[in-house]
Each structure stands twice: as structure tokens, then as C-alpha cells.
$ cat data20.cif   # mmCIF, C-alpha atoms
data_target
#
loop_
_atom_site.label_atom_id
_atom_site.label_comp_id
_atom_site.auth_asym_id
_atom_site.auth_seq_id
_atom_site.Cartn_x
_atom_site.Cartn_y
_atom_site.Cartn_z
CA MET A 1 13.14 13.94 -26.77
CA ILE A 2 14.92 17.26 -26.22
CA LEU A 3 18.67 16.99 -25.92
CA GLY A 4 19.15 20.45 -24.47
CA ALA A 5 18.52 24.14 -24.77
CA GLY A 6 20.02 25.87 -27.78
CA LEU A 7 20.04 22.89 -30.12
CA ALA A 8 17.89 23.26 -33.24
CA VAL A 9 17.05 19.56 -33.41
CA THR A 10 13.60 18.09 -33.88
CA LEU A 11 12.56 14.47 -33.79
CA ALA A 12 9.35 13.87 -35.70
CA TRP A 13 7.13 10.83 -35.21
CA PRO A 14 3.59 9.94 -36.19
CA ALA A 15 0.59 11.29 -34.32
CA GLY A 16 -0.07 9.62 -31.01
CA GLY A 17 1.68 11.86 -28.52
CA ARG A 18 3.57 10.23 -25.67
CA ALA A 19 2.43 6.75 -26.62
CA ALA A 20 4.51 7.02 -29.78
CA ALA A 21 7.60 8.00 -27.77
CA ALA A 22 8.19 4.32 -27.07
CA ASN A 23 9.24 4.01 -30.74
CA LEU A 24 12.02 6.57 -30.45
CA PRO A 25 15.20 5.66 -32.34
CA ASP A 26 18.44 4.48 -30.78
CA PHE A 27 20.22 7.22 -28.82
CA LYS A 28 23.67 6.55 -30.24
CA GLU A 29 22.34 6.57 -33.80
CA VAL A 30 20.68 9.95 -33.29
CA TYR A 31 23.68 11.37 -31.46
CA ASP A 32 26.12 10.31 -34.18
CA LEU A 33 23.96 11.79 -36.95
CA ILE A 34 23.62 15.11 -35.10
CA ARG A 35 27.35 15.15 -34.38
CA ALA A 36 28.18 14.57 -38.04
CA HIS A 37 25.75 17.04 -39.64
CA LEU A 38 24.60 19.72 -37.19
CA ALA A 39 26.08 23.12 -38.01
CA GLY A 40 27.06 25.74 -35.46
CA GLU A 41 27.57 23.46 -32.43
CA SER A 42 30.90 22.22 -31.10
CA GLU A 43 31.35 18.71 -29.79
CA ALA A 44 31.62 20.10 -26.24
CA GLU A 45 28.33 21.94 -26.63
CA LEU A 46 26.66 18.86 -28.09
CA ASN A 47 27.96 16.75 -25.19
CA GLN A 48 26.65 19.28 -22.66
CA ALA A 49 23.22 19.29 -24.30
CA ALA A 50 23.04 15.50 -24.24
CA VAL A 51 23.95 15.36 -20.55
CA GLN A 52 21.40 18.06 -19.70
CA GLY A 53 18.73 16.16 -21.59
CA LEU A 54 19.44 12.94 -19.71
CA LEU A 55 19.41 14.70 -16.33
CA GLU A 56 16.13 16.45 -17.13
CA GLN A 57 14.42 13.27 -18.27
CA LEU A 58 15.72 11.22 -15.35
CA HIS A 59 15.64 13.94 -12.68
CA ALA A 60 13.93 11.74 -10.07
CA LYS A 61 16.50 8.95 -10.53
CA VAL A 62 19.73 10.70 -11.51
CA SER A 63 21.30 13.91 -10.21
CA LEU A 64 24.61 15.70 -10.68
CA LEU A 65 26.48 16.76 -7.55
CA SER A 66 29.18 19.39 -7.43
CA ASP A 67 30.69 22.22 -5.32
CA GLY A 68 32.57 19.72 -3.19
CA ALA A 69 29.60 19.08 -0.91
CA GLU A 70 29.64 15.86 1.05
CA THR A 71 26.12 14.81 0.19
CA ASN A 72 26.35 11.61 2.21
CA ALA A 73 27.03 13.56 5.41
CA PRO A 74 24.17 13.79 7.90
CA LYS A 75 21.90 16.73 7.20
CA THR A 76 21.54 19.34 9.90
CA GLY A 77 18.30 20.51 11.46
CA PRO A 78 15.99 19.10 14.13
CA LEU A 79 14.42 15.68 13.81
CA VAL A 80 11.23 16.96 15.47
CA ALA A 81 10.71 20.62 14.60
CA LYS A 82 7.57 21.25 16.65
CA SER A 83 5.16 19.50 19.02
CA VAL A 84 2.01 21.09 20.45
CA LEU A 85 -1.44 20.11 21.64
CA PHE A 86 -4.53 21.13 19.70
CA ASP A 87 -8.08 21.27 20.96
CA GLY A 88 -9.58 17.82 20.99
CA PRO A 89 -7.12 17.07 22.55
CA ILE A 90 -5.01 16.14 19.51
CA ALA A 91 -1.22 15.81 19.47
CA TYR A 92 0.60 17.62 16.67
CA VAL A 93 4.18 16.56 15.83
CA ARG A 94 6.07 18.12 12.94
CA VAL A 95 9.03 16.12 11.62
CA GLY A 96 12.01 18.11 10.38
CA ARG A 97 13.88 15.20 8.81
CA ALA A 98 14.03 11.43 8.93
CA GLY A 99 17.30 10.70 10.69
CA GLU A 100 18.72 8.43 13.38
CA GLY A 101 16.84 8.92 16.65
CA LEU A 102 13.59 10.17 15.09
CA ALA A 103 11.49 7.38 16.60
CA LYS A 104 12.70 8.20 20.12
CA GLN A 105 11.96 11.89 19.69
CA VAL A 106 8.47 11.27 18.26
CA ALA A 107 7.72 8.87 21.14
CA ALA A 108 8.96 11.42 23.69
CA ALA A 109 6.90 14.21 22.11
CA TYR A 110 3.78 12.04 22.16
CA LYS A 111 4.34 11.08 25.80
CA ASP A 112 4.87 14.71 26.78
CA LEU A 113 1.72 15.85 24.96
CA SER A 114 -0.44 13.06 26.32
CA GLY A 115 0.42 13.70 29.97
CA SER A 116 -2.88 13.38 31.83
CA ASN A 117 -4.85 13.96 28.62
CA ALA A 118 -6.66 11.14 26.85
CA LEU A 119 -5.57 12.04 23.32
CA LYS A 120 -8.04 11.54 20.51
CA GLY A 121 -5.45 11.42 17.75
CA VAL A 122 -2.12 12.45 16.29
CA VAL A 123 -1.28 14.75 13.40
CA LEU A 124 2.14 13.80 12.03
CA ASP A 125 3.24 16.70 9.84
CA LEU A 126 5.80 15.61 7.22
CA ARG A 127 5.49 18.70 5.04
CA ASN A 128 8.96 19.84 3.89
CA ALA A 129 10.54 16.86 5.70
CA GLY A 130 13.35 14.96 4.00
CA GLY A 131 16.20 12.63 4.93
CA MET A 132 17.47 9.34 3.51
CA ASP A 133 17.48 7.25 6.70
CA TYR A 134 14.94 4.56 5.86
CA ALA A 135 15.71 2.66 9.06
CA ALA A 136 14.59 5.74 11.00
CA ALA A 137 11.40 5.89 8.94
CA ALA A 138 10.62 2.23 9.65
CA ASP A 139 11.38 2.63 13.38
CA THR A 140 9.07 5.64 13.60
CA ALA A 141 6.26 3.85 11.81
CA ASP A 142 6.75 0.92 14.21
CA LEU A 143 5.60 3.20 17.06
CA PHE A 144 2.08 3.12 15.63
CA VAL A 145 1.84 -0.63 14.83
CA SER A 146 0.92 -3.04 17.63
CA LYS A 147 1.44 -6.35 15.84
CA GLU A 148 4.27 -7.87 13.85
CA MET A 149 4.00 -7.16 10.13
CA PRO A 150 6.26 -6.21 7.18
CA LEU A 151 7.04 -2.51 6.88
CA LEU A 152 9.78 -1.57 4.41
CA ASP A 153 12.58 -2.91 2.21
CA TRP A 154 15.20 -0.43 1.04
CA GLY A 155 17.74 -2.97 -0.21
CA ASN A 156 18.89 -4.34 3.14
CA GLY A 157 16.14 -6.88 3.58
CA LEU A 158 12.55 -6.54 4.73
CA THR A 159 12.06 -4.71 8.04
CA ARG A 160 9.15 -5.79 10.24
CA SER A 161 7.34 -4.15 13.13
CA LYS A 162 7.50 -5.66 16.62
CA GLN A 163 4.49 -6.93 18.53
CA LYS A 164 3.87 -4.63 21.48
CA ASN A 165 1.28 -3.48 23.99
CA ASP A 166 2.34 0.17 24.12
CA ALA A 167 1.84 1.15 20.47
CA ILE A 168 0.20 4.49 19.67
CA THR A 169 -3.24 3.29 18.60
CA VAL A 170 -5.20 6.57 18.30
CA PRO A 171 -6.20 7.80 14.79
CA VAL A 172 -3.33 9.31 12.81
CA ALA A 173 -3.42 11.97 10.09
CA VAL A 174 -0.23 12.39 8.02
CA LEU A 175 0.39 15.72 6.28
CA VAL A 176 2.57 15.85 3.14
CA ASN A 177 3.43 18.22 0.30
CA GLN A 178 5.66 18.37 -2.77
CA GLN A 179 8.71 18.96 -0.54
CA THR A 180 8.14 15.75 1.45
CA ALA A 181 11.03 13.66 0.17
CA GLY A 182 13.05 10.49 0.62
CA ALA A 183 12.56 8.58 3.88
CA ALA A 184 9.77 10.96 4.94
CA GLU A 185 7.78 9.76 1.91
CA ALA A 186 8.39 6.17 2.98
CA LEU A 187 7.17 6.94 6.50
CA ALA A 188 3.90 8.35 5.16
CA ALA A 189 3.42 5.39 2.83
CA ILE A 190 4.09 2.82 5.59
CA LEU A 191 1.49 4.37 7.92
CA ARG A 192 -1.10 4.19 5.16
CA GLU A 193 -0.17 0.69 4.00
CA THR A 194 -0.45 -0.63 7.58
CA ASP A 195 -3.88 1.06 7.97
CA ARG A 196 -2.52 3.34 10.66
CA GLY A 197 -2.97 6.70 9.02
CA LEU A 198 -4.64 8.73 6.30
CA ILE A 199 -2.50 11.04 4.15
CA LEU A 200 -3.61 14.63 3.47
CA GLY A 201 -2.07 17.38 1.33
CA ALA A 202 -0.30 17.16 -2.04
CA SER A 203 1.71 14.44 -3.81
CA THR A 204 5.24 14.05 -2.47
CA ALA A 205 8.56 14.61 -4.27
CA GLY A 206 9.04 11.04 -5.55
CA GLU A 207 12.61 10.71 -4.25
CA ALA A 208 12.21 7.59 -2.11
CA THR A 209 15.02 5.56 -3.68
CA MET A 210 18.31 4.10 -2.57
CA ALA A 211 21.15 5.81 -4.43
CA GLN A 212 24.89 5.49 -4.91
CA GLU A 213 27.35 8.17 -5.96
CA TYR A 214 29.92 7.68 -8.69
CA PRO A 215 32.90 10.05 -9.22
CA LEU A 216 33.33 11.79 -12.56
CA LYS A 217 36.57 12.89 -14.21
CA ASN A 218 35.81 16.60 -13.70
CA GLY A 219 35.48 16.22 -9.92
CA GLN A 220 31.70 16.10 -9.85
CA ARG A 221 29.69 13.07 -8.81
CA LEU A 222 26.70 11.36 -10.35
CA ARG A 223 24.08 10.09 -7.92
CA ILE A 224 22.11 7.21 -9.43
CA ALA A 225 19.11 5.44 -7.93
CA THR A 226 20.36 1.88 -7.77
CA ALA A 227 17.56 0.24 -5.78
CA ALA A 228 13.84 0.81 -5.41
CA VAL A 229 12.30 1.23 -1.97
CA LYS A 230 9.44 -1.19 -1.40
CA LEU A 231 6.67 -1.30 1.15
CA GLY A 232 5.91 -4.41 3.17
CA ASN A 233 3.36 -5.58 0.60
CA GLY A 234 5.98 -5.47 -2.16
CA GLU A 235 4.68 -2.23 -3.70
CA THR A 236 7.45 0.00 -5.05
CA LEU A 237 7.35 3.65 -4.05
CA SER A 238 6.73 5.60 -7.24
CA VAL A 239 8.99 8.27 -8.70
CA HIS A 240 5.79 10.26 -9.09
CA GLY A 241 5.51 10.48 -5.32
CA VAL A 242 3.03 9.32 -2.70
CA LYS A 243 -0.47 10.50 -3.55
CA PRO A 244 -2.59 11.68 -0.61
CA ASP A 245 -5.88 10.05 0.35
CA ILE A 246 -7.38 13.52 0.70
CA GLN A 247 -5.90 16.13 -1.60
CA VAL A 248 -5.83 19.67 -0.24
CA ALA A 249 -4.34 22.24 -2.63
CA VAL A 250 -2.47 25.11 -1.00
CA ASN A 251 -0.37 27.84 -2.60
CA PRO A 252 3.29 27.19 -1.61
CA GLN A 253 3.75 30.72 -0.28
CA ASP A 254 0.56 30.45 1.77
CA GLU A 255 1.64 27.08 3.10
CA LYS A 256 4.95 28.54 4.20
CA ALA A 257 3.06 31.19 6.17
CA TYR A 258 0.75 28.58 7.71
CA LEU A 259 3.68 26.42 8.81
CA ALA A 260 5.06 29.44 10.66
CA ASP A 261 1.64 30.29 12.14
CA PRO A 262 -1.34 27.97 11.55
CA PHE A 263 -3.69 30.68 12.88
CA LYS A 264 -2.49 33.34 10.45
CA GLU A 265 -5.36 34.89 8.48
CA LEU A 266 -4.22 35.69 4.96
CA SER A 267 -5.86 38.12 2.56
CA LYS A 268 -8.01 35.30 1.16
CA PRO A 269 -8.66 32.95 4.07
CA PRO A 270 -9.44 29.31 3.19
CA THR A 271 -12.76 27.75 4.04
CA LEU A 272 -11.32 24.73 5.89
CA LEU A 273 -11.13 25.84 9.51
CA ALA A 274 -10.79 23.84 12.69
CA GLY A 275 -9.19 23.47 16.07
CA THR A 276 -7.66 25.37 18.94
CA LEU A 277 -4.07 25.37 20.08
CA PHE A 278 -3.50 24.45 23.71
CA SER A 279 -0.41 24.75 25.84
CA PRO A 280 0.67 21.26 26.94
CA ALA A 281 1.99 22.63 30.21
CA ALA A 282 -0.90 24.85 31.27
CA GLY A 283 -3.76 23.22 29.39
CA THR A 284 -5.16 26.62 28.48
CA ASN A 285 -5.87 28.40 25.24
CA THR A 286 -3.16 30.48 23.66
CA THR A 287 -4.02 33.98 22.50
CA ALA A 288 -1.88 34.16 19.38
CA GLY A 289 -3.81 34.32 16.13
CA THR A 290 -7.22 34.63 17.78
CA ASN A 291 -10.10 35.32 15.39
CA ARG A 292 -13.33 36.32 17.06
CA PRO A 293 -16.42 34.85 15.40
CA GLY A 294 -19.69 36.67 15.34
CA ARG A 295 -21.76 36.83 18.57
CA GLY A 296 -24.15 33.91 19.03
CA ARG A 297 -27.86 34.11 19.85
CA ILE A 298 -29.09 34.65 23.41
CA SER A 299 -28.91 31.38 25.37
CA GLU A 300 -31.70 29.67 27.29
CA ALA A 301 -29.92 30.48 30.56
CA ASP A 302 -29.98 34.18 29.67
CA LEU A 303 -33.72 34.04 29.02
CA ILE A 304 -34.38 32.33 32.38
CA ARG A 305 -32.30 34.96 34.17
CA GLU A 306 -34.22 37.69 32.40
CA ARG A 307 -37.56 36.34 33.59
CA LYS A 308 -36.34 35.97 37.18
CA GLU A 309 -35.11 39.54 37.21
CA GLY A 310 -38.32 40.78 35.63
CA ARG A 311 -36.65 42.57 32.77
CA GLU A 312 -36.14 42.17 29.05
CA LEU A 313 -32.76 41.13 27.79
CA ASP A 314 -31.51 43.35 24.99
CA ASP A 315 -30.08 41.49 22.02
CA THR A 316 -27.13 43.84 22.13
CA GLU A 317 -26.44 43.26 25.82
CA PRO A 318 -23.33 41.13 26.42
CA THR A 319 -23.95 37.62 27.73
CA ILE A 320 -21.69 35.21 29.55
CA ARG A 321 -20.80 33.66 26.19
CA ASP A 322 -19.54 37.03 24.97
CA LEU A 323 -17.32 37.44 28.01
CA GLU A 324 -15.64 34.05 27.55
CA PRO A 325 -12.27 34.07 25.74
CA GLN A 326 -12.68 33.13 22.10
CA LYS A 327 -10.79 30.13 20.75
CA PRO A 328 -8.25 30.82 18.00
CA VAL A 329 -9.18 29.29 14.65
CA VAL A 330 -6.75 27.22 12.59
CA ARG A 331 -6.42 28.79 9.14
CA ASP A 332 -3.99 26.21 7.70
CA PRO A 333 -6.35 24.26 5.39
CA VAL A 334 -4.39 20.99 5.48
CA LEU A 335 -4.02 21.00 9.25
CA GLY A 336 -7.62 22.12 9.70
CA ARG A 337 -8.87 19.26 7.56
CA ALA A 338 -6.73 16.80 9.54
CA LEU A 339 -8.07 18.03 12.89
CA ASP A 340 -11.65 17.74 11.66
CA LEU A 341 -10.93 14.24 10.37
CA ILE A 342 -9.50 13.03 13.68
CA LYS A 343 -12.40 14.52 15.62
CA GLY A 344 -14.82 12.69 13.36
CA LEU A 345 -12.97 9.39 13.70
CA SER A 346 -12.90 9.84 17.47
CA VAL A 347 -16.68 10.24 17.56
CA ILE A 348 -17.09 7.06 15.49
CA GLN A 349 -14.77 5.11 17.79
CA GLN A 350 -16.70 6.28 20.84
CA GLY A 351 -19.93 5.14 19.20
CA HIS A 352 -18.47 1.66 18.75
#
$ encode --input "data20.cif" --output "C-alpha cells"
Amino acid sequence: MILGAGLAVTLAWPAGGRAAAANLPDFKEVYDLIRAHLAGESEAELNQAAVQGLLEQLHAKVSLLSDGAETNAPKTGPLVAKSVLFDGPIAYVRVGRAGEGLAKQVAAAYKDLSGSNALKGVVLDLRNAGGMDYAAAADTADLFVSKEMPLLDWGNGLTRSKQKNDAITVPVAVLVNQQTAGAAEALAAILRETDRGLILGASTAGEATMAQEYPLKNGQRLRIATAAVKLGNGETLSVHGVKPDIQVAVNPQDEKAYLADPFKELSKPPTLLAGTLFSPAAGTNTTAGTNRPGRGRISEADLIRERKEGRELDDTEPTIRDLEPQKPVVRDPVLGRALDLIKGLSVIQQGH
């Protein structure tokens, strides 16, 4: 255990690594010995080191708040940051934060994107989403569950879904990353636990806990996780985060660029490509981020036309296929994988 930077203190235990850490001595005993015999450190410096060590070791459960910020005030920013229609057609809804009213906004976005289209699926993007409103997370998950079943318990009793005939029943892909935190983590976990969605991306932040704040003498506050958040099956959400069903590793800087423009081609484009962005209003392809693939082979229709006209068709001569507008290609590897997944599930459902 490291008490803090700058302290020349070493605890030695037998070989065995982390397993042997369970046999660490009593904290007060160690602290008192260091306080009595360590040279060159004042009591204030020793106290600071001990506090830093505790905060570092318990970072997912304990945090120090300062600067006079009202951390229990509602966070700003949109509940739904983006909603568009991808080729398929597949609805894409990006959640900004889990707050009051999120379920209504997600439902409205889905209704707007469906329009006259028979949607094949939904991509619910929770990357970088946060919030501590677990009621909002449960209400949003309820949109996708048609029967009554347990969803979430965050210390106020177990919340259940409502039986309904208008639930969103198409396949769902949930996108997460290391910045997916709090109630957004719970939302992803509920959709998986209820068999309503597969999770893609990277493990989440591990901050899905109920916390209380306690004032300190120096004006700061200590936020302590006082209750675990549990899924409907009784499983506690881990401080190590929600692990995806399909892990897709993306450099954080690249992911930031993809979130701004999923069609953006970086210097080293990923190999997971899929999809086309459509305008919900016009139902036509957008032109932003278009990447033209190589020209295909001459079609059978071109060969028939050639014979009728009594001429040979040059391989370099443009065909109708060449004159058609090319579909933009999704370069975001997590989103691309999700679109491919939903298309595959849609084909399977049609076969059944």
C-alpha cells in the first residue's frame, strides 16, 4: 500500500503479489509507527499522504469535492445529443446524459426516425454519457421491454418494467466506452440483462453507485458510495465497469473524431466499415464524408446492351453503376460493427 507521493515508506511482505495484500497490517498501527519514527515529514504532510493514498485506492467509491461546486445540481447538456437514420434503415440515438425526461426524448427520437420506415434496429450510443438519475435510466430501458419484469434497484426499492404493446422490439446495439458513467452504465446493463441489447465498445467507468456527500472542516466535501446499484436479477454493478459483449478497441483521440464525424477517414483507417447515413426528412443519402470505392466489374445488363448495339464495351467505359452516387462509408469502428450486427440480426429474424 502506498500512502502518498514523497514518502520513503515501504511495506514488505512475502512473495505472492496481490494475493498477499490481504495480510496487510492494521492501518492505525502502521500510521502510528510512521508518525513516530519517519524523519523529514511533518504531521501535516503525513496526513496529506494518508488521505491521498485512501482516495487513490478507493477512487471508484470515494471522491473529494471542492471549489464550491454544487455537485448535486443537475448537469447541463442535452439528454439526446444526436439522432439520425443510417442505411438499413437503422435508428441511431446518442444519449448525452441520463437525466429526467430522457425516456420521453428517446421515444420521440425513435418515432421521428421511424416515420414511414420499417426500422431494422436501434443503435443507442452511450459513449461519454453520464448522469446519476437512475430512475431516468430505468424509464428509458422500459421503452424496450414489452413485459413486466424487474429492472433496477438503486436503494429506493426494485423498479419494474410495465407490460405494454408499444415497446420498441427491434434489435438494439448499445455503444459504451470508458467515459460511460453512472446511470448510463446502468442503462446499458439493464438492456443486456433483459435480453434487449448487446453491448459493444470498451468497459465503462465503474461509477454506477448511489453516493452521499459529507461536509469536511476545511469546506470541502467527501462523496462516499453508500449503496450499490443492483440489476433486476440481484447482480451488483461492478466498480470495474460494465464489460461489453463485443470489445472494440479504439484510440480515445480517434473516437473523439469519430463521434464528431463517423465518416471521417483518419490516417490509419480501421477495417470495420459499414452503413450509410440517411436524412430522416428526405430519405436520401448525405454527401458528407463520402468515400468512393473502386469501380466494380461490368454488369450483365451492360453486356446485353453491348450485344444489342453491336459493339464491344470497354472496361474503362463508365457504366450506370459508375454514374450512381456512392454511399458514404462509416469509419467509426464501434458504430460500424453495431450496424453490421443489426443487419445480420435482421436477416436472421426475417428467416424465422
$ residues_around --input "data20.cif" --residues "Met210 in chain A" --least-positions-apart "6" --cutoff "10 Å" --atoms "only C-alpha atoms" --output "PDB file with C-alpha atoms, keeping the file's coordinate frame"
ATOM      1  CA  LYS A  61      16.500   8.950 -10.530  1.00  0.00           C
ATOM      2  CA  MET A 132      17.470   9.340   3.510  1.00  0.00           C
ATOM      3  CA  ASP A 133      17.480   7.250   6.700  1.00  0.00           C
ATOM      4  CA  TYR A 134      14.940   4.560   5.860  1.00  0.00           C
ATOM      5  CA  TRP A 154      15.200  -0.430   1.040  1.00  0.00           C
ATOM      6  CA  GLY A 155      17.740  -2.970  -0.210  1.00  0.00           C
ATOM      7  CA  GLY A 182      13.050  10.490   0.620  1.00  0.00           C
ATOM      8  CA  ALA A 183      12.560   8.580   3.880  1.00  0.00           C
ATOM      9  CA  ARG A 223      24.080  10.090  -7.920  1.00  0.00           C
ATOM     10  CA  ILE A 224      22.110   7.210  -9.430  1.00  0.00           C
ATOM     11  CA  ALA A 225      19.110   5.440  -7.930  1.00  0.00           C
ATOM     12  CA  THR A 226      20.360   1.880  -7.770  1.00  0.00           C
ATOM     13  CA  ALA A 227      17.560   0.240  -5.780  1.00  0.00           C
ATOM     14  CA  ALA A 228      13.840   0.810  -5.410  1.00  0.00           C
ATOM     15  CA  VAL A 229      12.300   1.230  -1.970  1.00  0.00           C
TER      16      VAL A 229
END
$ closest_residue --input "data20.cif" --among "A:Ser346, A:Thr159, A:Thr169, A:Gln212" --to "Gly234 in chain A" --atoms "only C-alpha atoms"
A:Thr159
$ residues_around --input "data20.cif" --residues "Lys82 in chain A" --least-positions-apart "4" --cutoff "12 Å" --atoms "all atoms listed in the file" --output "MDAnalysis selection string"
chainID A and resid 77:78 91:97 105:106 109:110 113 123:126 259:261
$ resolve_selection --input "data20.cif" --expression "the PyMOL selection byres ((chain A and resi 188-203) around 6)" --output "list in words"
Val172, Ala173, Val174, Leu175, Val176, Asn177, Gln178, Glu185, Ala186, Leu187, Thr204, Gly241, Val242, Lys243, Pro244, Asp245, Ile246, Gln247, Val248 and Val334 of chain A
$ atom_distance --input "data20.cif" --atom1 "CA of Ala184 in chain A" --atom2 "CA of Leu231 in chain A"
13.2 Å
